[in-house]
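Trainee: This one is entry02.cif, mmCIF, C-alpha atoms.
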data_coords
#
loop_
_atom_site.group_PDB
_atom_site.id
_atom_site.type_symbol
_atom_site.label_atom_id
_atom_site.label_comp_id
_atom_site.auth_asym_id
_atom_site.auth_seq_id
_atom_site.Cartn_x
_atom_site.Cartn_y
_atom_site.Cartn_z
ATOM 1 C CA MET M 20 3.563 30.174 16.274
ATOM 2 C CA THR M 21 0.551 31.037 14.124
ATOM 3 C CA PRO M 22 1.255 30.983 10.357
ATOM 4 C CA HIS M 23 1.457 34.479 8.874
ATOM 5 C CA PHE M 24 -1.425 34.053 6.431
ATOM 6 C CA VAL M 25 -3.967 34.445 9.273
ATOM 7 C CA SER M 26 -5.343 37.927 9.962
ATOM 8 C CA SER M 27 -8.479 39.445 11.418
ATOM 9 C CA ASP M 28 -10.338 39.148 8.119
ATOM 10 C CA THR M 29 -9.099 35.649 7.262
ATOM 11 C CA PRO M 30 -11.865 33.236 6.169
ATOM 12 C CA THR M 31 -12.770 30.586 8.735
ATOM 13 C CA TYR M 32 -11.421 27.769 6.599
ATOM 14 C CA LEU M 33 -7.985 29.419 6.423
ATOM 15 C CA THR M 34 -7.943 29.872 10.189
ATOM 16 C CA THR M 35 -8.636 26.152 10.608
ATOM 17 C CA LEU M 36 -5.995 25.132 8.082
ATOM 18 C CA SER M 37 -3.460 27.478 9.696
ATOM 19 C CA LYS M 38 -3.922 25.471 12.892
ATOM 20 C CA VAL M 39 -3.059 22.324 10.951
ATOM 21 C CA VAL M 40 0.229 23.967 9.986
ATOM 22 C CA ALA M 41 0.818 25.090 13.574
ATOM 23 C CA ALA M 42 0.141 21.554 14.845
ATOM 24 C CA PHE M 43 2.712 20.217 12.391
ATOM 25 C CA GLN M 44 5.161 22.777 13.762
ATOM 26 C CA GLY M 45 4.608 21.557 17.315
ATOM 27 C CA GLU M 46 1.546 23.298 18.751
ATOM 28 C CA ARG M 47 -1.043 21.150 20.529
ATOM 29 C CA ASP M 48 -4.224 22.866 19.381
ATOM 30 C CA ARG M 49 -4.956 20.531 16.482
ATOM 31 C CA PRO M 50 -8.356 20.864 14.744
ATOM 32 C CA SER M 51 -10.578 17.804 14.606
ATOM 33 C CA ALA M 52 -10.494 15.740 11.426
ATOM 34 C CA GLN M 53 -14.082 16.715 10.680
ATOM 35 C CA ALA M 54 -13.233 20.412 11.004
ATOM 36 C CA VAL M 55 -10.324 19.982 8.597
ATOM 37 C CA VAL M 56 -12.494 18.196 6.024
ATOM 38 C CA GLU M 57 -15.041 21.013 6.259
ATOM 39 C CA ALA M 58 -12.275 23.624 5.849
ATOM 40 C CA LEU M 59 -10.911 21.845 2.788
ATOM 41 C CA LEU M 60 -14.320 21.689 1.156
ATOM 42 C CA GLN M 61 -14.884 25.373 1.868
ATOM 43 C CA ALA M 62 -11.475 26.230 0.389
ATOM 44 C CA GLU M 63 -12.238 24.171 -2.705
ATOM 45 C CA LYS M 64 -15.597 25.903 -3.124
ATOM 46 C CA ALA M 65 -14.018 29.346 -2.678
ATOM 47 C CA ALA M 66 -11.335 28.612 -5.282
ATOM 48 C CA LYS M 67 -13.970 27.668 -7.839
ATOM 49 C CA HIS M 68 -16.196 30.624 -6.993
ATOM 50 C CA ASP M 69 -13.367 33.170 -7.091
ATOM 51 C CA HIS M 70 -11.578 31.534 -10.058
ATOM 52 C CA LEU M 71 -8.321 31.470 -8.115
ATOM 53 C CA THR M 72 -5.212 30.588 -10.080
ATOM 54 C CA TYR M 73 -1.814 29.477 -8.851
ATOM 55 C CA THR M 74 1.581 29.151 -10.462
ATOM 56 C CA LEU M 75 4.038 26.295 -10.743
ATOM 57 C CA GLU M 76 6.578 28.492 -8.998
ATOM 58 C CA GLN M 77 4.396 28.462 -5.870
ATOM 59 C CA LEU M 78 4.565 24.666 -5.825
ATOM 60 C CA ALA M 79 8.339 24.453 -6.043
ATOM 61 C CA GLY M 80 9.926 22.739 -3.054
ATOM 62 C CA HIS M 81 9.314 19.895 -0.645
ATOM 63 C CA TRP M 82 6.020 19.282 1.130
ATOM 64 C CA ARG M 83 5.052 16.893 3.926
ATOM 65 C CA LEU M 84 1.682 15.127 3.715
ATOM 66 C CA VAL M 85 -0.156 15.869 6.969
ATOM 67 C CA PHE M 86 -3.832 15.154 6.275
ATOM 68 C CA THR M 87 -5.908 13.194 3.790
ATOM 69 C CA ALA M 88 -9.579 12.449 3.187
ATOM 70 C CA PRO M 89 -11.166 9.794 0.956
ATOM 71 C CA ARG M 90 -12.880 10.503 -2.324
ATOM 72 C CA HIS M 91 -16.419 10.646 -0.957
ATOM 73 C CA ALA M 92 -15.699 13.845 0.991
ATOM 74 C CA HIS M 93 -18.170 16.453 -0.255
ATOM 75 C CA GLN M 94 -20.683 19.050 0.875
ATOM 76 C CA LYS M 95 -24.378 18.255 1.135
ATOM 77 C CA ALA M 96 -26.775 21.115 1.869
ATOM 78 C CA GLY M 97 -23.768 23.116 3.031
ATOM 79 C CA VAL M 98 -22.630 20.443 5.501
ATOM 80 C CA ALA M 99 -19.342 18.578 5.125
ATOM 81 C CA GLN M 100 -19.736 14.869 4.474
ATOM 82 C CA GLY M 101 -16.957 12.303 4.755
ATOM 83 C CA ARG M 102 -14.116 11.524 7.097
ATOM 84 C CA GLY M 103 -10.420 12.244 7.048
ATOM 85 C CA TRP M 104 -7.340 11.592 9.140
ATOM 86 C CA TYR M 105 -3.951 12.981 10.050
ATOM 87 C CA VAL M 106 -1.003 11.100 8.597
ATOM 88 C CA PRO M 107 0.983 9.382 11.397
ATOM 89 C CA GLN M 108 4.300 11.013 12.221
ATOM 90 C CA PHE M 109 6.031 7.620 12.275
ATOM 91 C CA ALA M 110 5.350 7.108 8.557
ATOM 92 C CA PRO M 111 6.320 10.424 6.960
ATOM 93 C CA ALA M 112 5.231 10.920 3.358
ATOM 94 C CA GLN M 113 6.663 13.740 1.298
ATOM 95 C CA ILE M 114 6.096 15.176 -2.166
ATOM 96 C CA SER M 115 8.340 17.521 -4.131
ATOM 97 C CA PHE M 116 7.956 19.668 -7.223
ATOM 98 C CA SER M 117 10.984 20.794 -9.221
ATOM 99 C CA PRO M 118 10.103 23.119 -12.126
ATOM 100 C CA ASP M 119 12.559 23.182 -15.025
ATOM 101 C CA ASP M 120 10.645 25.424 -17.445
ATOM 102 C CA MET M 121 8.233 27.900 -15.905
ATOM 103 C CA ASP M 122 7.029 29.206 -19.259
ATOM 104 C CA ASN M 123 5.974 25.763 -20.471
ATOM 105 C CA GLY M 124 4.936 24.480 -17.047
ATOM 106 C CA THR M 125 7.181 21.421 -16.987
ATOM 107 C CA GLY M 126 9.356 19.824 -14.362
ATOM 108 C CA ALA M 127 9.737 16.799 -12.125
ATOM 109 C CA ILE M 128 7.708 15.341 -9.285
ATOM 110 C CA GLY M 129 8.935 13.173 -6.446
ATOM 111 C CA ASN M 130 7.004 11.218 -3.846
ATOM 112 C CA GLN M 131 8.374 9.216 -0.961
ATOM 113 C CA ILE M 132 7.292 7.419 2.175
ATOM 114 C CA GLN M 133 9.459 6.176 5.007
ATOM 115 C CA LEU M 134 8.721 3.576 7.665
ATOM 116 C CA GLY M 135 11.614 3.148 10.012
ATOM 117 C CA PRO M 136 14.666 2.098 7.965
ATOM 118 C CA VAL M 137 12.570 1.460 4.833
ATOM 119 C CA LEU M 138 12.381 4.234 2.247
ATOM 120 C CA PHE M 139 10.422 4.069 -1.015
ATOM 121 C CA LYS M 140 10.739 6.857 -3.582
ATOM 122 C CA LEU M 141 8.946 7.527 -6.855
ATOM 123 C CA SER M 142 9.789 10.199 -9.400
ATOM 124 C CA GLY M 143 8.848 11.297 -12.883
ATOM 125 C CA PRO M 144 7.831 14.213 -15.104
ATOM 126 C CA LEU M 145 5.073 16.744 -14.461
ATOM 127 C CA LYS M 146 3.151 19.268 -16.514
ATOM 128 C CA TYR M 147 1.244 22.272 -15.233
ATOM 129 C CA PRO M 148 -0.435 23.993 -18.194
ATOM 130 C CA GLY M 149 -2.018 26.659 -15.991
ATOM 131 C CA LYS M 150 -5.624 25.677 -16.624
ATOM 132 C CA LYS M 151 -7.860 25.010 -13.622
ATOM 133 C CA ASN M 152 -4.740 24.556 -11.459
ATOM 134 C CA LEU M 153 -4.345 21.004 -12.765
ATOM 135 C CA LEU M 154 -0.974 19.302 -12.467
ATOM 136 C CA GLY M 155 -0.513 16.106 -14.465
ATOM 137 C CA PHE M 156 2.293 13.679 -13.712
ATOM 138 C CA ASP M 157 3.558 10.155 -14.196
ATOM 139 C CA PHE M 158 5.849 8.171 -11.911
ATOM 140 C CA THR M 159 8.411 6.468 -14.094
ATOM 141 C CA HIS M 160 11.279 5.722 -11.703
ATOM 142 C CA ALA M 161 11.434 3.998 -8.308
ATOM 143 C CA THR M 162 14.055 3.632 -5.587
ATOM 144 C CA PHE M 163 13.781 1.237 -2.646
ATOM 145 C CA THR M 164 16.271 1.318 0.216
ATOM 146 C CA ILE M 165 16.624 -0.334 3.628
ATOM 147 C CA PHE M 166 19.058 1.023 6.222
ATOM 148 C CA GLY M 167 20.470 3.231 3.473
ATOM 149 C CA LYS M 168 21.246 0.258 1.212
ATOM 150 C CA THR M 169 19.666 0.476 -2.239
ATOM 151 C CA LEU M 170 17.797 -2.692 -3.167
ATOM 152 C CA TYR M 171 16.176 -1.322 -6.321
ATOM 153 C CA ASP M 172 16.796 1.737 -8.458
ATOM 154 C CA GLY M 173 15.123 1.658 -11.849
ATOM 155 C CA ARG M 174 11.994 1.922 -13.941
ATOM 156 C CA PHE M 175 8.639 2.000 -12.201
ATOM 157 C CA GLN M 176 6.539 -0.544 -14.069
ATOM 158 C CA SER M 177 3.184 1.139 -13.558
ATOM 159 C CA GLY M 178 4.351 4.272 -15.379
ATOM 160 C CA LYS M 179 1.892 4.977 -18.168
ATOM 161 C CA THR M 180 4.448 6.062 -20.734
ATOM 162 C CA LYS M 181 8.090 6.596 -21.448
ATOM 163 C CA GLN M 182 9.235 9.966 -20.180
ATOM 164 C CA ASP M 183 10.141 11.029 -23.731
ATOM 165 C CA HIS M 184 6.467 10.782 -24.746
ATOM 166 C CA PHE M 185 5.047 12.411 -21.641
ATOM 167 C CA GLU M 186 4.588 15.873 -23.124
ATOM 168 C CA GLN M 187 2.308 14.504 -25.847
ATOM 169 C CA LEU M 188 -0.192 13.075 -23.362
ATOM 170 C CA SER M 189 -3.289 15.066 -22.390
ATOM 171 C CA LEU M 190 -4.176 15.526 -18.732
ATOM 172 C CA ASN M 191 -7.187 13.225 -19.020
ATOM 173 C CA LYS M 192 -4.786 10.340 -19.641
ATOM 174 C CA LEU M 193 -2.601 11.070 -16.631
ATOM 175 C CA PRO M 194 -2.864 11.043 -12.846
ATOM 176 C CA PHE M 195 -3.357 14.633 -11.687
ATOM 177 C CA PHE M 196 -3.865 16.945 -8.746
ATOM 178 C CA ALA M 197 -6.398 19.777 -8.865
ATOM 179 C CA PHE M 198 -4.933 22.365 -6.500
ATOM 180 C CA PHE M 199 -7.365 24.734 -4.828
ATOM 181 C CA LEU M 200 -5.171 26.350 -2.179
ATOM 182 C CA MET M 201 -1.526 27.415 -2.074
ATOM 183 C CA THR M 202 0.193 29.543 0.549
ATOM 184 C CA ASP M 203 3.800 29.849 1.650
ATOM 185 C CA GLU M 204 3.126 27.191 4.300
ATOM 186 C CA LEU M 205 0.684 24.731 2.751
ATOM 187 C CA ILE M 206 -0.872 23.379 -0.406
ATOM 188 C CA ALA M 207 -4.157 21.499 -0.788
ATOM 189 C CA ALA M 208 -5.556 19.523 -3.698
ATOM 190 C CA ARG M 209 -8.049 16.923 -4.826
ATOM 191 C CA GLY M 210 -6.561 13.977 -6.689
ATOM 192 C CA ARG M 211 -7.911 12.358 -9.809
ATOM 193 C CA GLY M 212 -9.396 9.610 -7.633
ATOM 194 C CA GLY M 213 -11.346 12.228 -5.677
ATOM 195 C CA GLY M 214 -9.381 12.240 -2.426
ATOM 196 C CA LEU M 215 -8.343 15.432 -0.621
ATOM 197 C CA ALA M 216 -4.907 16.153 0.820
ATOM 198 C CA ILE M 217 -2.926 18.829 2.653
ATOM 199 C CA TRP M 218 0.832 19.163 2.504
ATOM 200 C CA VAL M 219 2.938 21.483 4.677
ATOM 201 C CA ARG M 220 6.195 22.960 3.418
ATOM 202 C CA VAL M 221 9.394 21.499 4.846
ATOM 203 C CA PRO M 222 12.938 22.950 4.567
#
What does this structure look like when you write it as structure tokens?
Mentor:
Amino acid sequence: MTPHFVSSDTPTYLTTLSKVVAAFQGERDRPSAQAVVEALLQAEKAAKHDHLTYTLEQLAGHWRLVFTAPRHAHQKAGVAQGRGWYVPQFAPAQISFSPDDMDNGTGAIGNQIQLGPVLFKLSGPLKYPGKKNLLGFDFTHATFTIFGKTLYDGRFQSGKTKQDHFEQLSLNKLPFFAFFLMTDELIAARGRGGGLAIWVRVP
């Protein structure tokens, strides 16, 4: 099944990224990692050129990490530079966004990774002021379980601040994602560290 955001006049990068979604949904025609990196860089360039803006409401839900590229991925003379890779199915990583105040752009973020019976979850507050599609966040709580048994459920020590003080922090003092593509099926962003990532929506 081809995702519905592809049409005859769809940009090449969207066609490539739609195949990433289709591969996640079970199709075998998966684009090469290099093609995906190139598509991401083209999408990022288009978002900047066209001044695309997205809303926090579009982010709401759960998303599975399917592809990532390191921070040195960039374009040089119009050619994609850098490598990327598909996230293994046996180690699913998932992110979630739960808005609680659309007008003020606040809510909660969750991130988890599972490896067999081991599940590690992080959560904390987020802010999405609506400028440059930047979403700032801080992980303040962690949960660690094995075979469904909770071994730890408490404060995440690397959190930069108490959640009560989060709203006073500027984005330049927080981890953040700079989103440059959002559709019903996928989201793509560059992190503060410079890496690129694609997530596909899950039920």
Trainee: In file coordinates, which residues lie within 12 Å of (8.4, 22.6, -16.1) using all atoms listed in the file, given as a list in words?
Mentor: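 Counting all atoms listed in the file, I find these residues within 12 Å of (8.4, 22.6, -16.1): Thr74, Leu75, Glu76, Leu78, Ala79, Phe116, Ser117, Pro118, Asp119, Asp120, Met121, Asp122, Asn123, Gly124, Thr125, Gly126, Ala127, Ile128, Gly143, Pro144, Leu145, Lys146, Tyr147, Pro148, Gly149, Leu154, Gly155, Phe156 and Glu186 of chain M.
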Trainee: Would you kindly return, as a PyMOL selection string, each protein, DNA or RNA residue with an atom no farther than 10 Å from any atom of Ala52 (chain M), considering all atoms listed in the file and excluding same-chain residues fewer than 5 positions away?
Mentor: chain M and resi 39+57-58+86-88+101-105
Trainee: Quick check, in Å to one decimal: how far apart do CA of Arg47 (chain M) and CA of Leu84 (chain M) lie?
Mentor: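 Answer for the CA of Arg47 (chain M) to CA of Leu84 (chain M) separation: 18.1 Å.
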Trainee: Quick one: residues within 8 Å of Trp82 (chain M), only C-alpha atoms, excluding same-chain residues fewer than 5 positions away - as a PyMOL selection string?
Mentor: chain M and resi 113-115+205+218-221
Trainee: Around the point (-7.7, 23.7, -3.7), in the coordinates given by the file, pick out the residues reaching within 7 Å, counting all atoms listed in the file, and return them as a list in words.
Mentor: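 Taken together, the residues in range are Ala62, Glu63, Ala66, Ala197, Phe198, Phe199, Leu200, Ala207, Ala208 and Arg209 of chain M.
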Trainee: Just need the box for region 76-89 of chain M, edges along x, y and z, holding every atom the file lists for it with 4 Å tacked onto each side, so centre and edge lengths in Å to one decimal, as AutoDock Vina command-line options.
Mentor:
--center_x -0.6 --center_y 19.1 --center_z -1.0 --size_x 29.1 --size_y 26.7 --size_z 24.0
Trainee: In Å, how far is it from CA of Phe43 (chain M) to CA of His68 (chain M)?
Mentor: 29.0 Å
Trainee: Could you jot down the CA of Ala42 (chain M) to CA of Met201 (chain M) separation for me, Å, one decimal place?
Mentor: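 Computing it gives 18.0 Å between the two atoms.
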Trainee: Between M:Leu188, M:Leu193, M:Leu215, M:Ile132, which one has atoms that come closest to Ala161 (chain M), using all atoms listed in the file?
Mentor: M:Ile132
Trainee: Report the residues retrieved by the PyMOL selection byres ((chain M and resi 162-168) around 8) from the displayed file, expressed as a list in words.
Mentor: Pro136, Val137, Leu138, Phe139, Lys140, Leu141, His160, Ala161, Thr169, Leu170, Tyr171, Asp172 and Gly173 of chain M
Trainee: Restricting the calculation to all atoms listed in the file: of M:Gly135, M:Gly80, M:Gly214, M:Pro30, which residue gets closest to Gln61 (chain M)?
Mentor: M:Pro30
Trainee: As a PDB file with C-alpha atoms, keeping the file's coordinate frame, please: the residues near Leu33 (chain M) (cut-off 9 Å, only C-alpha atoms, same-chain neighbours under 3 positions excluded).
Mentor:
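What landed in around.pdb:
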ATOM      1  CA  PHE M  24      -1.425  34.053   6.431  1.00  0.00           C
ATOM      2  CA  VAL M  25      -3.967  34.445   9.273  1.00  0.00           C
ATOM      3  CA  THR M  29      -9.099  35.649   7.262  1.00  0.00           C
ATOM      4  CA  PRO M  30     -11.865  33.236   6.169  1.00  0.00           C
ATOM      5  CA  LEU M  36      -5.995  25.132   8.082  1.00  0.00           C
ATOM      6  CA  SER M  37      -3.460  27.478   9.696  1.00  0.00           C
ATOM      7  CA  LYS M  38      -3.922  25.471  12.892  1.00  0.00           C
ATOM      8  CA  ALA M  58     -12.275  23.624   5.849  1.00  0.00           C
ATOM      9  CA  LEU M  59     -10.911  21.845   2.788  1.00  0.00           C
ATOM     10  CA  ALA M  62     -11.475  26.230   0.389  1.00  0.00           C
TER      11      ALA M  62
END
Trainee: Using all atoms listed in the file, which residue out of M:Phe158, M:Thr31, M:Gln187, M:Gln77 lies closest to Ile206 (chain M)?
Mentor: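 Using all atoms listed in the file, the shortest distance to Ile206 (chain M) belongs to M:Gln77.
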Trainee: Which residue, M:Pro111, M:Pro222, M:Pro194, M:Gly213, has the smallest gap to His81 (chain M) when you use only C-alpha atoms?
Mentor: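 Selected residue with least distance to His81 (chain M): M:Pro222.
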Trainee: Kindly indicate which residue among M:Ala216, M:Val40, M:Ala110, M:Leu71 lies nearest to Lys151 (chain M), using all atoms listed in the file for the distances.
Mentor: M:Leu71
Trainee: Looking at all atoms listed in the file, which of M:Asn191, M:Thr72, M:Gly210, M:Gln108 is the one that sits closest to Lys150 (chain M)?
Mentor: M:Thr72
